[in-house]
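Here is the file input.cif (mmCIF, C-alpha atoms and all ligand atoms).
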data_coords
loop_
_atom_site.label_atom_id
_atom_site.label_comp_id
_atom_site.auth_asym_id
_atom_site.auth_seq_id
_atom_site.Cartn_x
_atom_site.Cartn_y
_atom_site.Cartn_z
CA MET A 946 6.85 94.40 85.27
CA SER A 947 7.77 95.67 81.81
CA ARG A 948 9.80 93.57 79.40
CA ALA A 949 12.84 95.81 79.69
CA LEU A 950 12.66 95.95 83.47
CA SER A 951 12.49 92.20 83.95
CA LYS A 952 15.44 91.72 81.63
CA THR A 953 17.40 94.34 83.50
CA THR A 954 16.76 92.59 86.77
CA LEU A 955 17.83 89.22 85.39
CA TYR A 956 20.84 90.71 83.70
CA SER A 957 22.32 92.55 86.61
CA SER A 958 21.58 90.26 89.53
CA SER A 959 22.79 86.93 90.86
CA LEU A 960 23.82 85.50 87.52
CA PHE A 961 26.93 87.65 87.22
CA PRO A 962 28.69 86.59 90.43
CA SER A 963 28.79 82.99 89.13
CA THR A 964 30.64 84.23 86.09
CA TYR A 965 33.16 85.75 88.45
CA THR A 966 33.69 82.40 90.19
CA ALA A 967 34.59 80.68 86.94
CA HIS A 968 36.94 83.41 85.96
CA ALA A 969 38.62 83.39 89.34
CA TYR A 970 39.50 79.72 88.79
CA LEU A 971 41.06 80.48 85.44
CA THR A 972 42.98 83.39 86.85
CA ARG A 973 44.37 81.46 89.79
CA THR A 974 45.52 78.50 87.72
CA ALA A 975 47.72 80.84 85.70
CA GLY A 976 49.65 81.94 88.77
CA PRO A 977 51.77 79.01 90.00
CA LEU A 978 53.23 78.38 86.54
CA PHE A 979 55.18 81.58 87.02
CA THR A 980 57.23 80.42 89.99
CA ILE A 981 58.01 77.02 88.48
CA HIS A 982 59.75 78.80 85.62
CA HIS A 983 62.59 79.94 87.82
CA THR A 984 63.52 76.60 89.42
CA ASN A 985 66.49 74.43 88.50
CA HIS A 986 64.39 71.62 87.04
CA GLN A 987 64.40 72.97 83.49
CA PRO A 988 64.28 69.67 81.51
CA LYS A 989 61.34 68.12 83.43
CA LEU A 990 59.35 71.33 83.37
CA GLN A 991 59.22 71.90 79.64
CA PRO A 992 55.43 71.51 79.34
CA ALA A 993 54.75 73.82 82.28
CA GLN A 994 57.17 76.29 80.85
CA ALA A 995 55.49 76.22 77.48
CA ARG A 996 52.12 76.94 79.08
CA HIS A 997 53.73 79.54 81.28
CA SER A 998 54.98 81.50 78.33
CA SER A 999 51.41 82.17 77.21
CA HIS A 1000 50.94 84.23 80.35
CA SER A 1001 54.41 85.61 80.67
CA PRO A 1002 55.01 89.31 80.32
CA LEU A 1003 58.61 88.41 79.43
CA SER A 1004 57.86 86.37 76.38
CA ASN A 1005 55.91 86.94 73.22
CA THR A 1006 56.37 83.47 71.76
CA THR A 1007 52.69 82.52 71.60
CA SER A 1008 51.58 85.64 69.74
CA PRO A 1009 50.47 84.75 66.19
CA THR A 1010 52.39 87.72 64.85
CA THR A 1011 54.66 90.25 66.40
CA ARG A 1012 52.95 93.54 65.84
CA LYS A 1013 53.70 97.12 66.55
CA LYS A 1014 52.14 99.02 69.41
CA ILE A 1015 48.76 100.46 68.46
CA THR A 1016 48.58 104.24 68.91
CA ILE A 1017 46.05 106.96 68.09
CA PRO A 1018 47.69 107.51 64.64
CA THR A 1019 47.43 103.72 63.97
CA LEU A 1020 43.72 103.81 64.82
CA LEU A 1021 43.07 106.91 62.73
CA ALA A 1022 44.94 105.34 59.79
CA MET A 1023 42.69 102.26 60.08
CA HIS A 1024 39.67 104.53 60.09
CA LYS A 1025 40.96 106.40 57.03
CA ARG A 1026 41.33 103.17 55.02
CA HIS A 1027 37.93 101.91 56.28
CA GLU A 1028 39.48 99.02 58.17
CA PRO A 1029 37.21 98.02 61.08
CA ILE A 1030 38.70 98.72 64.51
CA THR A 1031 38.44 95.80 66.96
CA MET A 1032 37.93 96.39 70.66
CA LEU A 1033 37.28 94.00 73.53
CA THR A 1034 37.00 94.42 77.27
CA ALA A 1035 39.50 92.92 79.68
CA HIS A 1036 39.56 93.22 83.43
CA ASP A 1037 42.74 91.48 84.54
CA PHE A 1038 46.14 90.23 83.38
CA PRO A 1039 45.07 86.98 81.64
CA SER A 1040 42.00 88.44 79.91
CA ALA A 1041 44.12 91.35 78.65
CA HIS A 1042 46.93 89.03 77.56
CA VAL A 1043 44.65 86.80 75.48
CA ALA A 1044 42.88 89.79 73.87
CA ASP A 1045 46.26 91.27 72.96
CA ALA A 1046 47.64 87.95 71.64
CA ALA A 1047 44.48 87.49 69.54
CA GLY A 1048 45.15 90.81 67.85
CA MET A 1049 42.64 93.24 69.36
CA ASP A 1050 43.40 96.81 68.32
CA MET A 1051 41.98 98.24 71.53
CA VAL A 1052 41.40 96.81 74.98
CA LEU A 1053 38.79 98.46 77.18
CA VAL A 1054 38.87 98.19 80.95
CA GLY A 1055 35.12 98.77 80.99
CA ASP A 1056 33.22 99.46 84.16
CA SER A 1057 31.13 96.39 83.26
CA LEU A 1058 33.88 94.69 85.31
CA ALA A 1059 31.75 95.78 88.30
CA MET A 1060 29.30 93.08 87.26
CA VAL A 1061 31.48 90.52 85.47
CA ALA A 1062 34.56 90.59 87.71
CA LEU A 1063 33.36 91.91 91.06
CA GLY A 1064 29.83 90.49 91.22
CA LEU A 1065 28.29 93.90 91.96
CA GLU A 1066 24.68 94.72 91.08
CA ASP A 1067 25.50 97.34 88.47
CA THR A 1068 28.27 99.57 87.18
CA SER A 1069 27.40 102.54 89.43
CA GLU A 1070 28.93 100.79 92.46
CA VAL A 1071 32.53 100.45 91.25
CA LEU A 1072 35.09 102.94 92.62
CA LEU A 1073 37.87 104.81 90.80
CA GLU A 1074 40.45 103.06 93.01
CA GLU A 1075 39.03 99.66 92.02
CA MET A 1076 39.06 100.57 88.33
CA ILE A 1077 42.70 101.62 88.70
CA LEU A 1078 43.69 98.26 90.19
CA HIS A 1079 42.12 96.47 87.22
CA CYS A 1080 43.68 98.92 84.74
CA ARG A 1081 47.13 98.23 86.20
CA SER A 1082 46.80 94.48 85.68
CA VAL A 1083 45.37 94.91 82.18
CA SER A 1084 48.21 97.23 81.20
CA ARG A 1085 50.71 94.56 82.27
CA GLY A 1086 48.89 91.98 80.11
CA ALA A 1087 48.30 93.98 76.92
CA LYS A 1088 51.56 95.21 75.48
CA THR A 1089 50.53 96.16 71.94
CA ALA A 1090 46.83 97.02 72.09
CA PHE A 1091 45.71 100.59 72.78
CA ILE A 1092 44.32 100.53 76.34
CA VAL A 1093 41.30 102.56 77.37
CA GLY A 1094 40.15 102.84 81.00
CA ASP A 1095 36.53 103.65 81.86
CA LEU A 1096 35.95 106.50 84.29
CA PRO A 1097 33.42 105.09 86.77
CA MET A 1098 30.20 106.87 87.73
CA GLY A 1099 30.87 109.67 90.19
CA SER A 1100 34.47 110.25 89.16
CA TYR A 1101 33.87 112.86 86.45
CA GLU A 1102 30.36 114.40 86.53
CA ILE A 1103 30.96 117.08 89.19
CA GLY A 1104 33.00 119.23 86.85
CA PRO A 1105 35.89 119.36 84.38
CA GLU A 1106 38.45 119.65 87.21
CA GLN A 1107 37.22 116.47 88.86
CA ALA A 1108 37.10 114.73 85.46
CA LEU A 1109 40.69 115.72 84.67
CA GLY A 1110 41.85 114.67 88.14
CA SER A 1111 40.32 111.22 87.68
CA ALA A 1112 41.68 110.92 84.14
CA ILE A 1113 45.19 111.75 85.34
CA LYS A 1114 44.92 109.09 88.07
CA MET A 1115 43.81 106.52 85.50
CA VAL A 1116 46.83 107.29 83.32
CA LYS A 1117 49.46 107.69 86.05
CA GLU A 1118 48.36 104.84 88.30
CA GLY A 1119 46.26 102.68 85.98
CA ARG A 1120 48.78 102.95 83.10
CA VAL A 1121 46.05 103.30 80.44
CA HIS A 1122 46.54 105.25 77.21
CA ALA A 1123 43.13 106.90 77.12
CA ILE A 1124 39.97 107.21 79.19
CA LYS A 1125 36.31 106.64 78.33
CA LEU A 1126 33.43 108.56 79.82
CA GLU A 1127 29.68 108.44 79.23
CA GLY A 1128 27.60 111.34 77.97
CA GLY A 1129 27.09 113.74 75.07
CA ALA A 1130 26.82 117.54 74.83
CA GLU A 1131 26.77 117.98 78.62
CA MET A 1132 30.23 116.37 78.82
CA VAL A 1133 31.86 118.85 76.41
CA PRO A 1134 33.61 120.89 79.15
CA ALA A 1135 35.04 117.71 80.75
CA ILE A 1136 36.17 116.24 77.40
CA THR A 1137 37.76 119.58 76.42
CA LYS A 1138 39.59 119.80 79.74
CA ILE A 1139 40.93 116.22 79.57
CA THR A 1140 41.98 116.30 75.92
CA THR A 1141 43.61 119.71 76.39
CA ALA A 1142 45.77 118.09 79.07
CA GLY A 1143 46.90 115.54 76.48
CA ILE A 1144 44.83 112.55 77.57
CA PRO A 1145 42.84 111.00 74.70
CA VAL A 1146 39.11 110.60 75.37
CA LEU A 1147 36.81 107.91 74.00
CA ALA A 1148 33.27 109.27 74.33
CA HIS A 1149 30.20 107.04 74.82
CA VAL A 1150 26.65 107.93 73.74
CA GLY A 1151 23.38 106.04 73.21
CA LEU A 1152 22.72 103.54 75.98
CA THR A 1153 24.89 104.82 78.81
CA PRO A 1154 24.67 102.12 81.52
CA GLN A 1155 25.86 104.45 84.31
CA ARG A 1156 22.60 106.37 83.79
CA GLN A 1157 20.35 103.33 83.70
CA ASN A 1158 18.12 104.73 86.43
CA ALA A 1159 17.42 107.86 84.41
CA LEU A 1160 17.01 105.91 81.17
CA GLY A 1161 14.57 103.45 82.77
CA GLY A 1162 16.86 100.43 82.35
CA PHE A 1163 19.05 99.14 79.55
CA ARG A 1164 16.95 100.50 76.66
CA VAL A 1165 17.77 100.95 73.00
CA GLN A 1166 18.38 104.66 72.27
CA GLY A 1167 17.69 106.84 69.21
CA LYS A 1168 14.65 104.88 68.01
CA SER A 1169 12.59 107.99 67.16
CA THR A 1170 13.47 110.80 64.75
CA ALA A 1171 13.91 113.14 67.72
CA GLY A 1172 16.00 110.58 69.61
CA ALA A 1173 18.23 109.93 66.59
CA LEU A 1174 18.72 113.68 66.08
CA ARG A 1175 19.69 114.08 69.74
CA LEU A 1176 22.17 111.24 69.35
CA LEU A 1177 23.75 112.84 66.26
CA ALA A 1178 24.00 116.19 68.08
CA ASP A 1179 25.68 114.46 71.05
CA ALA A 1180 28.12 112.58 68.79
CA ARG A 1181 29.01 115.83 66.99
CA ALA A 1182 29.44 117.65 70.30
CA VAL A 1183 31.91 115.10 71.69
CA GLN A 1184 33.79 115.14 68.37
CA GLU A 1185 34.14 118.93 68.50
CA ALA A 1186 35.25 118.71 72.15
CA GLY A 1187 38.19 116.59 71.01
CA ALA A 1188 37.17 112.94 71.56
CA PHE A 1189 39.29 110.68 69.32
CA ALA A 1190 36.39 108.22 68.85
CA VAL A 1191 32.90 107.58 70.21
CA VAL A 1192 31.16 104.42 71.42
CA LEU A 1193 27.59 104.06 70.12
CA GLU A 1194 25.72 101.62 72.34
CA ALA A 1195 22.33 100.01 71.65
CA VAL A 1196 21.27 102.19 68.73
CA PRO A 1197 19.34 101.11 65.59
CA ALA A 1198 21.86 100.07 62.91
CA GLU A 1199 20.60 102.61 60.34
CA VAL A 1200 20.99 105.47 62.82
CA ALA A 1201 24.53 104.35 63.80
CA THR A 1202 25.54 104.03 60.13
CA LEU A 1203 24.31 107.53 59.30
CA ILE A 1204 25.95 109.04 62.39
CA THR A 1205 29.22 107.30 61.40
CA LYS A 1206 29.01 108.93 57.95
CA LYS A 1207 28.40 112.34 59.49
CA LEU A 1208 31.45 112.20 61.79
CA ARG A 1209 35.18 112.60 61.14
CA ILE A 1210 36.12 110.47 64.15
CA PRO A 1211 35.58 106.68 64.27
CA THR A 1212 32.48 105.20 65.91
CA ILE A 1213 32.85 102.01 67.95
CA GLY A 1214 29.56 100.14 68.01
CA ILE A 1215 28.05 97.77 70.55
CA GLY A 1216 24.52 96.81 69.58
CA ALA A 1217 24.72 99.39 66.78
CA GLY A 1218 25.07 97.27 63.62
CA ASN A 1219 27.97 96.82 61.22
CA GLY A 1220 27.99 100.32 59.76
CA CYS A 1221 30.17 101.61 62.60
CA SER A 1222 33.93 102.16 62.23
CA GLY A 1223 34.65 99.42 64.75
CA GLN A 1224 33.06 97.07 67.28
CA VAL A 1225 33.38 96.42 71.00
CA LEU A 1226 32.05 93.55 73.11
CA VAL A 1227 32.42 92.42 76.70
CA GLN A 1228 34.93 89.54 76.74
CA VAL A 1229 33.04 87.20 79.09
CA ASP A 1230 29.96 87.58 76.88
CA MET A 1231 31.58 86.79 73.52
CA SER A 1232 33.82 84.02 74.89
CA GLY A 1233 30.91 82.35 76.69
CA ASN A 1234 32.40 82.64 80.16
CA PHE A 1235 29.07 82.49 81.99
CA PRO A 1236 26.73 79.75 83.19
CA PRO A 1237 23.94 78.41 80.94
CA GLY A 1238 20.68 80.34 81.09
CA ARG A 1239 22.10 83.80 81.71
CA PHE A 1240 20.34 86.62 79.88
CA LEU A 1241 22.35 88.10 77.04
CA PRO A 1242 21.64 91.37 75.25
CA LYS A 1243 20.49 90.79 71.65
CA PHE A 1244 23.74 92.16 70.19
CA VAL A 1245 26.00 89.56 71.86
CA LYS A 1246 27.35 86.71 69.73
CA LYS A 1247 28.78 83.84 71.74
CA TYR A 1248 31.98 82.75 69.94
CA GLY A 1249 33.16 80.24 72.55
CA ASP A 1250 32.26 78.20 75.61
CA VAL A 1251 34.88 79.16 78.18
CA TRP A 1252 32.50 78.39 81.07
CA GLY A 1253 31.78 74.90 79.68
CA GLU A 1254 35.48 74.17 79.15
CA ALA A 1255 36.47 75.42 82.62
CA LYS A 1256 33.65 73.44 84.25
CA ARG A 1257 34.57 70.30 82.31
CA ALA A 1258 38.21 70.60 83.39
CA ILE A 1259 37.38 71.28 87.04
CA GLU A 1260 34.95 68.35 87.16
CA ALA A 1261 37.59 66.07 85.63
CA TYR A 1262 40.13 67.23 88.23
CA ARG A 1263 37.61 66.70 91.02
CA GLY A 1264 36.82 63.18 89.79
CA GLU A 1265 40.48 62.20 89.52
CA VAL A 1266 41.30 63.51 93.00
CA LYS A 1267 38.34 61.63 94.49
CA GLU A 1268 39.48 58.42 92.71
CA ARG A 1269 43.17 58.98 93.50
CA ALA A 1270 43.91 58.98 89.75
CA TYR A 1271 45.53 62.39 90.13
CA PRO A 1272 48.37 62.97 90.82
CA ALA A 1273 49.89 60.13 88.77
CA VAL A 1274 53.56 59.09 89.04
CA GLU A 1275 54.63 61.64 86.41
CA HIS A 1276 53.32 64.45 88.60
CA THR A 1277 55.51 63.46 91.58
CA TYR A 1278 59.15 64.10 92.56
CA PRO A 1279 61.59 61.16 92.68
CA MET A 1280 63.85 60.23 95.61
CA ALA A 1281 66.84 57.88 95.68
CA LYS A 1282 65.72 54.39 96.91
CA GLU A 1283 68.48 54.20 99.55
CA GLU A 1284 67.51 57.61 100.97
CA PHE A 1285 63.89 56.57 101.33
CA ALA A 1286 64.82 53.17 102.78
CA GLU A 1287 66.87 54.94 105.46
CA PHE A 1288 64.04 57.40 106.15
CA GLU A 1289 61.59 54.49 106.48
CA ARG A 1290 63.95 52.64 108.84
CA VAL A 1291 64.48 55.69 111.08
CA VAL A 1292 60.78 56.43 111.47
CA GLY A 1293 59.80 52.74 111.34
CA GLU A 1294 59.91 52.26 115.09
CA GLU A 1295 57.35 55.02 115.74
CA SER A 1296 53.62 54.18 115.73
CA ASP A 1297 51.43 55.73 113.05
CA GLU A 1298 49.34 58.76 114.10
CA ARG A 1299 46.31 57.36 112.29
CA GLY A 1300 45.90 54.47 114.69
CA VAL A 1301 48.01 51.55 113.41
N1 LIG B 1401 28.31 91.48 80.62
C1 LIG B 1401 27.95 92.70 80.20
N2 LIG B 1401 27.79 92.90 78.88
C2 LIG B 1401 27.42 94.13 78.40
O1 LIG B 1401 27.31 94.29 77.16
C3 LIG B 1401 27.20 95.19 79.33
C4 LIG B 1401 27.38 94.91 80.72
N3 LIG B 1401 27.75 93.67 81.12
N4 LIG B 1401 27.20 95.87 81.66
C5 LIG B 1401 27.02 97.24 81.27
C6 LIG B 1401 26.28 97.36 79.98
C7 LIG B 1401 24.80 97.02 80.05
N5 LIG B 1401 24.54 96.56 78.69
C8 LIG B 1401 23.27 96.14 78.23
C9 LIG B 1401 22.49 95.36 79.05
C10 LIG B 1401 21.24 94.92 78.65
C11 LIG B 1401 20.74 95.29 77.41
C12 LIG B 1401 19.37 94.82 77.04
O2 LIG B 1401 18.69 94.19 77.80
N6 LIG B 1401 18.94 95.14 75.84
C13 LIG B 1401 17.66 94.67 75.34
C14 LIG B 1401 17.00 95.77 74.57
C15 LIG B 1401 15.90 96.43 75.36
C16 LIG B 1401 15.10 97.35 74.46
O3 LIG B 1401 14.46 96.81 73.52
O4 LIG B 1401 15.11 98.56 74.68
C17 LIG B 1401 17.89 93.47 74.42
O5 LIG B 1401 16.90 92.78 74.14
O6 LIG B 1401 19.03 93.26 73.97
C18 LIG B 1401 21.52 96.08 76.58
C19 LIG B 1401 22.81 96.49 77.00
C20 LIG B 1401 25.74 96.53 77.93
N7 LIG B 1401 26.79 96.46 78.93
C1 LIG B 1402 30.23 97.61 76.93
C2 LIG B 1402 31.35 98.59 76.95
C3 LIG B 1402 31.25 99.64 75.86
C4 LIG B 1402 31.48 99.23 78.29
O1 LIG B 1402 31.26 100.38 78.47
C5 LIG B 1402 31.87 98.38 79.43
O2 LIG B 1402 32.34 97.26 79.24
O3 LIG B 1402 31.72 98.84 80.55
#
Is it possible to give me this structure as structure tokens?
Amino acid sequence: MSRALSKTTLYSSSLFPSTYTAHAYLTRTAGPLFTIHHTNHQPKLQPAQARHSSHSPLSNTTSPTTRKKITIPTLLAMHKRHEPITMLTAHDFPSAHVADAAGMDMVLVGDSLAMVALGLEDTSEVLLEEMILHCRSVSRGAKTAFIVGDLPMGSYEIGPEQALGSAIKMVKEGRVHAIKLEGGAEMVPAITKITTAGIPVLAHVGLTPQRQNALGGFRVQGKSTAGALRLLADARAVQEAGAFAVVLEAVPAEVATLITKKLRIPTIGIGAGNGCSGQVLVQVDMSGNFPPGRFLPKFVKKYGDVWGEAKRAIEAYRGEVKERAYPAVEHTYPMAKEEFAEFERVVGEESDERGV
């Protein structure tokens, strides 16, 4: 087994579903806080309310700054003044909300959600309908970032008509602002068709994970002179077709820097060095929301330990439930003494079900 192949196997198999489990916990805990908000117990529920507001689409109080909606002109202005463009993936309401609150310029509903949110083997399995469901929840969570939805494999390669049809569905039903699709020169007719219809396209060249079988795994692209020239030709082709920016994935830094200089549109790098116009990473990777020992591509920097924190909290909860330390008195609802005394008296004559 080659080095690349064994890594690919490790990367895309059983280790991802565990990541999903942890995230599902985080997602579910956010839910109930919503309903509590609307009860009559306002004074007692202050803490819950405060936490609730961090996930509330109605309130912006936890955002560090109130910022304007990011649009294509905003992004192009950043590019013009050489300000790096920040992009992060999100696959649901809370992951979109936190990316938006932390100031990401762009949020990508990447098809990597097949692996990190759905536990699938690779990105080729995810359906357009599934992507749309995730896009809808992300669009409700990210109110200022520019939202891009990934067209999944099979939803755009047949021809420009199919590509436009899928793009329209992503915008109308998924509520995204732009779509991303993988491929270079061969995607020019599709990109032209979609952009002509007024839907912005983020192109994606270099390592294109939807074509991993043809590429022979997740391999760095553009490592030879010929490969780098092909990459530049592809990047130029998608630019001429009307893409507003292009993702460069797993490309030597020098090649990505030179391609960036040769283009008018911004390049968004992932594993392509710091000479690109912006950067993108997968949120679960950079926030450390995965179990210890999982393989990470070389370009990932782990900025947090979300998995460790979630596991620590869940273990503490488990321990307290087992010891009857949780719930404590402050987590319970009071009742007037006389009411309870009467209740106890009325049921007092009955025998206990549990054998007393
Ligand atoms: N969680 C996650 N993060 C990602 O960045 C990501 C996904 N999923 N799924 C779709 C693609 C696949 N990606 C990958 C996956 C593996 C490598 C990888 O193994 N790279 C090798 C280089 C191999 C070579 O030398 O050619 C490495 O060592 O980093 C790269 C990108 C990026 N994307
Ligand atoms: C890694 C990024 C660029 C992506 O395509 C995804 O998340 O699917």
> Within 10 Å of ligand LIG 1402 (chain B), counting only C-alpha atoms and all ligand atoms: which residues, as a PyMOL selection string?
Replying inline: chain A and resi 1032-1036+1053-1061+1068+1094-1097+1125-1127+1148-1150+1152-1155+1191-1195+1213-1216+1224-1228
> Do you know which residues are at most 10 Å from Ala1090 in chain A counting all atoms listed in the file, after dropping those on the same chain fewer than 2 positions away, and could you put them as a ChimeraX atom specification?
Replying inline: /A:1012-1016,1031-1032,1041-1042,1044-1046,1048-1053,1084,1086-1088,1092-1093,1122
Selection export as a short mmCIF file (atom, residue, chain, number, x, y, z; two decimals), in the frame of the given file, atoms kept: C-alpha atoms:
data_model
loop_
_atom_site.label_atom_id
_atom_site.label_comp_id
_atom_site.auth_asym_id
_atom_site.auth_seq_id
_atom_site.Cartn_x
_atom_site.Cartn_y
_atom_site.Cartn_z
CA ARG A 1012 52.95 93.54 65.84
CA LYS A 1013 53.70 97.12 66.55
CA LYS A 1014 52.14 99.02 69.41
CA ILE A 1015 48.76 100.46 68.46
CA THR A 1016 48.58 104.24 68.91
CA THR A 1031 38.44 95.80 66.96
CA MET A 1032 37.93 96.39 70.66
CA ALA A 1041 44.12 91.35 78.65
CA HIS A 1042 46.93 89.03 77.56
CA ALA A 1044 42.88 89.79 73.87
CA ASP A 1045 46.26 91.27 72.96
CA ALA A 1046 47.64 87.95 71.64
CA GLY A 1048 45.15 90.81 67.85
CA MET A 1049 42.64 93.24 69.36
CA ASP A 1050 43.40 96.81 68.32
CA MET A 1051 41.98 98.24 71.53
CA VAL A 1052 41.40 96.81 74.98
CA LEU A 1053 38.79 98.46 77.18
CA SER A 1084 48.21 97.23 81.20
CA GLY A 1086 48.89 91.98 80.11
CA ALA A 1087 48.30 93.98 76.92
CA LYS A 1088 51.56 95.21 75.48
CA ILE A 1092 44.32 100.53 76.34
CA VAL A 1093 41.30 102.56 77.37
CA HIS A 1122 46.54 105.25 77.21
#
> Between A:Gly1253, A:Thr1140, A:Phe1244, A:Gly1161, which has the minimum distance to Ser1232 in chain A (counting only C-alpha atoms)?
Replying inline: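 Counting only C-alpha atoms, the residue closest to Ser1232 in chain A is A:Gly1253.
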> Given the choices A:Glu1185, A:Asp1250, A:Asp1067, A:Glu1289, which gets closest to Val1229 in chain A if the distance is worked out from all atoms listed in the file?
Replying inline: A:Asp1250
> If I put a ball of radius 12 Å at (45.5, 93.7, 89.3) in the file's coordinates, which residues poke into it when counting only C-alpha atoms, written as a list in words?
Replying inline: Thr972, Ala1035, His1036, Asp1037, Phe1038, Pro1039, Ser1040, Ala1041, Val1054, Ala1062, Glu1074, Glu1075, Met1076, Ile1077, Leu1078, His1079, Cys1080, Arg1081, Ser1082, Val1083, Ser1084, Arg1085, Gly1086, Glu1118, Gly1119 and Arg1120 of chain A
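Taking CA of Gly1249 in chain A and CA of Met1231 in chain A as endpoints, the distance between them is 6.8 Å.
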> With all atoms listed in the file as the basis for distance, which of A:Ile1113, A:Leu1020, A:Val1251, A:Leu1160 is at the shortest distance from ligand LIG 1401 (chain B)?
Replying inline: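 For ligand LIG 1401 (chain B), the nearest of the given residues is A:Leu1160.
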> For the atom pair CA of Ala1173 in chain A and CA of Ile1144 in chain A, what is the interatomic distance in Å to one decimal place?
Replying inline: 28.9 Å
>> Would you compute the distance between atom C15 of ligand LIG 1401 (chain B) and CA of Ala1159 in chain A? Give it in Å to one decimal.
In response: 14.7 Å
> Counting only C-alpha atoms, which residues come within 10 Å of (25.4, 104.5, 58.1), with the point read in the file's coordinates, and could you list them as a PyMOL selection string?
Replying inline: chain A and resi 1198-1207+1218-1222
> Smallest atom-to-atom distance to ligand LIG 1401 (chain B): which of A:Gly1223, A:Gly1293, A:Pro1197, A:Gly1238, using only C-alpha atoms and all ligand atoms?
Replying inline: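 Using only C-alpha atoms and all ligand atoms, ligand LIG 1401 (chain B) sits closest to A:Pro1197.
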> For Ile1017 in chain A, which of A:Ala1190, A:Pro1237, A:Pro1272, A:Arg1263 is the closest residue, counting only C-alpha atoms?
Replying inline: A:Ala1190
> Between A:Glu1254, A:Asp1179, A:Glu1287, A:Glu1028, which is the closest to Pro1236 in chain A once you count all atoms listed in the file?
Replying inline: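 So, comparing all the options, the nearest one is A:Glu1254.
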